[in-house]
Amino acid sequence: MESNNNLPDKNGFFGEYGGKFVPETLMYALEELENTYNKLKDNNEFKKQFYKDLSEFVGRPSPLYFAERLTKHYGSGSIWLKREDLNHTGAHKINNTIGQILLAKYMGKKRIIAETGAGQHGVATATVAARLGLECHIYMGAEDVQRQSLNVYRIKLLGAQVHSVDSGSATLKDALNEALRDWVTNVDDTYYIIGSVTGPHPYPMIVRDFNSVVGEELIEQSKESFNTMPDAIVACVGGGSNAMGAFYPFININQTRLIGVEAAGNGLQTGEHAAPLNDGSPGVLHGALSYLMQDEAGQVKATKSVSAGLDYPGVGPEHSWLKDSGRAEYVAVDDDEALEAFHQVSELEGIIPALETAHAFAYLETLMKEFDDQSNIIVNVSGRGDKDINTVAEIDGIKI
Ligand SMILES: *Cc1c(COP(=O)(O)O)cnc(C)c1O
């Protein structure tokens, strides 16, 4: 939880992005959250509890693992995998929920709500709520309830209630709308655990800080594994939390290229994608100003991605700032490329990655041509692919 730049500013802006565009009823709740967080983040007891939970319950630190056959396959530079897929519940999401549930506990909130897309954040939230015996409600788009039925049942097994959302495109953005509506109504006793570096200030900062444990570990592990800092870190970008957690501690380490990979869906040129940083423009969604997929009238456009966790028209404001400042690069790969990488990594490494993560792997096809033998490239393996096996089997025409 160390700070590497002074952003966001006191109003929650990263350059021109971010802020707090919310109804007045939420302003008090956001201020209460910000004050609590600012008080606790440097508190030794709080930090001790956070890192203890990450170690004993999540299984951190996650390994930095040399991907030998993938490295041989490309024949240039060493490829290393940051194994967030090995965390309890199978993705990076739990780093954030472990931290935020501690904030909720400290604030005396008895009721937890969250939105979820692929279901990983819903599972990670229901998990930490169960551990503390707190009532938990998860909002999920009806479309995602269908394609991620395994995670829906996991959430129910953990004692939480799943609310299927039929409005709009019935995906992540609509679930977020419903969760915000719930929060406005029940703000007194309810803590809203946002699952990515999105939403109004202070959420993008809080979620970044809790996920930064990934980048902090990478600095140590890079020294141990190859004696210098990596030449590049590659991570998929939906809302941007796994990427931000890996990138943030490296912002001032200029030898490391930071590369975010968005979902190009049917292809950037078709307009049917989920890549606001590659093909979007600044606008306000879910309480923050950031790159957004919108039409000329400012209406949010429909998104398309094979991966539910990347199927979101917005992106965290700090990524918009990193893009404009040039410190990070943002590229996109389409559904077909991601599916090919999903199979490739499964067969070459014995690791079935999440479809989200497969987007980061797919970009190696382009990226590895830019590196020589001496280079070290880290892929942030945001999660494991068990949840996606039905989706992939269906696409491959296989009945399971
Ligand atoms: C949720 C999720 C993502 C996308 O969210 P970010 O906030 O962009 O990290 C990526 N990978 C996995 C495995 C996820 O569960």
# chains A, B, ... in the order shown; residues from 1 in each chain; ligands from 1

$ residues_around --residues "His201 (chain A)" --least-positions-apart "2" --cutoff "7 Å" --atoms "only C-alpha atoms" --output "list in words"
Gly12, Gly18, Gly19, Lys20, Gly199, Tyr203 and Pro204 of chain A

$ closest_atom_pairs --of "chain A" --to "ligand 1" --cutoff "9 Å" --atoms "only C-alpha atoms and all ligand atoms" --output "JSON lines"
{"residue": "A:Glu84", "atom": "CA", "partner": "ligand 1", "partner_atom_place_in_ligand_line": "13 (C)", "distance": 8.4}
{"residue": "A:Asp85", "atom": "CA", "partner": "ligand 1", "partner_atom_place_in_ligand_line": "13 (C)", "distance": 7.4}
{"residue": "A:Gly90", "atom": "CA", "partner": "ligand 1", "partner_atom_place_in_ligand_line": "13 (C)", "distance": 7.5}
{"residue": "A:Ala91", "atom": "CA", "partner": "ligand 1", "partner_atom_place_in_ligand_line": "13 (C)", "distance": 5.0}
{"residue": "A:His92", "atom": "CA", "partner": "ligand 1", "partner_atom_place_in_ligand_line": "13 (C)", "distance": 6.8}
{"residue": "A:Lys93", "atom": "CA", "partner": "ligand 1", "partner_atom_place_in_ligand_line": "15 (O)", "distance": 6.3}
{"residue": "A:Thr116", "atom": "CA", "partner": "ligand 1", "partner_atom_place_in_ligand_line": "1 (C)", "distance": 8.0}
{"residue": "A:Gly117", "atom": "CA", "partner": "ligand 1", "partner_atom_place_in_ligand_line": "1 (C)", "distance": 7.0}
{"residue": "A:Ala118", "atom": "CA", "partner": "ligand 1", "partner_atom_place_in_ligand_line": "15 (O)", "distance": 6.3}
{"residue": "A:Gly119", "atom": "CA", "partner": "ligand 1", "partner_atom_place_in_ligand_line": "15 (O)", "distance": 7.3}
{"residue": "A:Gln120", "atom": "CA", "partner": "ligand 1", "partner_atom_place_in_ligand_line": "15 (O)", "distance": 4.8}
{"residue": "A:His121", "atom": "CA", "partner": "ligand 1", "partner_atom_place_in_ligand_line": "1 (C)", "distance": 6.3}
{"residue": "A:Gly195", "atom": "CA", "partner": "ligand 1", "partner_atom_place_in_ligand_line": "7 (O)", "distance": 6.7}
{"residue": "A:Ser196", "atom": "CA", "partner": "ligand 1", "partner_atom_place_in_ligand_line": "7 (O)", "distance": 4.2}
{"residue": "A:Val197", "atom": "CA", "partner": "ligand 1", "partner_atom_place_in_ligand_line": "7 (O)", "distance": 6.3}
{"residue": "A:Thr198", "atom": "CA", "partner": "ligand 1", "partner_atom_place_in_ligand_line": "7 (O)", "distance": 8.1}
{"residue": "A:Ala235", "atom": "CA", "partner": "ligand 1", "partner_atom_place_in_ligand_line": "9 (O)", "distance": 8.2}
{"residue": "A:Cys236", "atom": "CA", "partner": "ligand 1", "partner_atom_place_in_ligand_line": "10 (C)", "distance": 6.2}
{"residue": "A:Val237", "atom": "CA", "partner": "ligand 1", "partner_atom_place_in_ligand_line": "8 (O)", "distance": 4.0}
{"residue": "A:Gly238", "atom": "CA", "partner": "ligand 1", "partner_atom_place_in_ligand_line": "8 (O)", "distance": 3.4}
{"residue": "A:Gly239", "atom": "CA", "partner": "ligand 1", "partner_atom_place_in_ligand_line": "8 (O)", "distance": 4.1}
{"residue": "A:Gly240", "atom": "CA", "partner": "ligand 1", "partner_atom_place_in_ligand_line": "8 (O)", "distance": 3.3}
{"residue": "A:Ser241", "atom": "CA", "partner": "ligand 1", "partner_atom_place_in_ligand_line": "7 (O)", "distance": 3.5}
{"residue": "A:Asn242", "atom": "CA", "partner": "ligand 1", "partner_atom_place_in_ligand_line": "9 (O)", "distance": 3.7}
{"residue": "A:Ala243", "atom": "CA", "partner": "ligand 1", "partner_atom_place_in_ligand_line": "9 (O)", "distance": 6.0}
{"residue": "A:Met244", "atom": "CA", "partner": "ligand 1", "partner_atom_place_in_ligand_line": "9 (O)", "distance": 7.8}
{"residue": "A:Gly245", "atom": "CA", "partner": "ligand 1", "partner_atom_place_in_ligand_line": "9 (O)", "distance": 8.5}
{"residue": "A:Glu262", "atom": "CA", "partner": "ligand 1", "partner_atom_place_in_ligand_line": "8 (O)", "distance": 8.7}
{"residue": "A:Ser307", "atom": "CA", "partner": "ligand 1", "partner_atom_place_in_ligand_line": "10 (C)", "distance": 8.8}
{"residue": "A:Ala308", "atom": "CA", "partner": "ligand 1", "partner_atom_place_in_ligand_line": "1 (C)", "distance": 8.1}
{"residue": "A:Gly309", "atom": "CA", "partner": "ligand 1", "partner_atom_place_in_ligand_line": "1 (C)", "distance": 4.5}
{"residue": "A:Leu310", "atom": "CA", "partner": "ligand 1", "partner_atom_place_in_ligand_line": "4 (C)", "distance": 5.4}
{"residue": "A:Asp311", "atom": "CA", "partner": "ligand 1", "partner_atom_place_in_ligand_line": "4 (C)", "distance": 8.7}
{"residue": "A:Val315", "atom": "CA", "partner": "ligand 1", "partner_atom_place_in_ligand_line": "8 (O)", "distance": 7.9}
{"residue": "A:Gly316", "atom": "CA", "partner": "ligand 1", "partner_atom_place_in_ligand_line": "7 (O)", "distance": 8.3}
{"residue": "A:Pro353", "atom": "CA", "partner": "ligand 1", "partner_atom_place_in_ligand_line": "13 (C)", "distance": 7.9}
{"residue": "A:Ala354", "atom": "CA", "partner": "ligand 1", "partner_atom_place_in_ligand_line": "13 (C)", "distance": 5.2}
{"residue": "A:Leu355", "atom": "CA", "partner": "ligand 1", "partner_atom_place_in_ligand_line": "13 (C)", "distance": 7.3}
{"residue": "A:Glu356", "atom": "CA", "partner": "ligand 1", "partner_atom_place_in_ligand_line": "11 (N)", "distance": 4.6}
{"residue": "A:Thr357", "atom": "CA", "partner": "ligand 1", "partner_atom_place_in_ligand_line": "11 (N)", "distance": 5.4}
{"residue": "A:Ala358", "atom": "CA", "partner": "ligand 1", "partner_atom_place_in_ligand_line": "11 (N)", "distance": 8.8}
{"residue": "A:Val381", "atom": "CA", "partner": "ligand 1", "partner_atom_place_in_ligand_line": "13 (C)", "distance": 7.5}
{"residue": "A:Ser382", "atom": "CA", "partner": "ligand 1", "partner_atom_place_in_ligand_line": "13 (C)", "distance": 4.5}
{"residue": "A:Gly383", "atom": "CA", "partner": "ligand 1", "partner_atom_place_in_ligand_line": "13 (C)", "distance": 3.5}
{"residue": "A:Arg384", "atom": "CA", "partner": "ligand 1", "partner_atom_place_in_ligand_line": "13 (C)", "distance": 6.3}
{"residue": "A:Gly385", "atom": "CA", "partner": "ligand 1", "partner_atom_place_in_ligand_line": "13 (C)", "distance": 7.7}

$ select_by_dssp --residues "region 253-392 of chain A" --states "strand (DSSP E)" --output "PyMOL selection string"
chain A and resi 257-263+281-285+288-292+328-333+376-381

$ write_last_selection --atoms "C-alpha atoms" --output "short mmCIF file (atom, residue, chain, number, x, y, z; two decimals), in the first residue's frame"
data_model
loop_
_atom_site.label_atom_id
_atom_site.label_comp_id
_atom_site.auth_asym_id
_atom_site.auth_seq_id
_atom_site.Cartn_x
_atom_site.Cartn_y
_atom_site.Cartn_z
CA ARG A 257 6.95 -1.19 -20.37
CA LEU A 258 3.39 -1.42 -19.07
CA ILE A 259 1.01 -2.98 -21.58
CA GLY A 260 -2.75 -3.31 -21.11
CA VAL A 261 -4.75 -5.59 -23.42
CA GLU A 262 -8.42 -4.81 -24.06
CA ALA A 263 -11.06 -7.04 -25.64
CA SER A 281 -13.77 8.88 -25.98
CA PRO A 282 -13.96 10.53 -22.54
CA GLY A 283 -17.35 10.52 -20.84
CA VAL A 284 -19.00 9.86 -17.48
CA LEU A 285 -20.10 6.37 -16.45
CA ALA A 288 -16.29 8.78 -12.94
CA LEU A 289 -14.97 10.52 -16.04
CA SER A 290 -12.92 8.16 -18.17
CA TYR A 291 -12.61 6.69 -21.67
CA LEU A 292 -15.95 5.23 -22.62
CA ALA A 328 1.30 2.72 -20.39
CA GLU A 329 0.36 1.29 -23.79
CA TYR A 330 -3.07 -0.11 -24.57
CA VAL A 331 -3.70 -2.64 -27.32
CA ALA A 332 -6.55 -5.02 -28.12
CA VAL A 333 -6.98 -8.63 -29.26
CA ASN A 376 12.12 -10.66 -19.38
CA ILE A 377 8.40 -10.35 -19.99
CA ILE A 378 5.83 -10.86 -17.24
CA VAL A 379 2.24 -11.88 -17.98
CA ASN A 380 -0.18 -11.24 -15.13
CA VAL A 381 -2.27 -14.44 -15.01
#

$ residues_around --residues "region 389-393 of chain A" --least-positions-apart "5" --cutoff "8 Å" --atoms "only C-alpha atoms" --output "list in words"
Arg147, Leu339, Ile398, Lys399 and Ile400 of chain A

$ select_by_dssp --residues "region 49-148 of chain A" --states "helix (DSSP H, G or I)" --output "count of residues only"
53

$ residues_around --residues "Val345 (chain A)" --least-positions-apart "3" --cutoff "10 Å" --atoms "only C-alpha atoms" --output "list in words"
Ala67, Arg69, Leu70, Glu340, Ala341, Phe342, Leu348, Glu349, Gly350, Ile351, Ile352, Pro353, Ala358, Phe361 and Ala362 of chain A
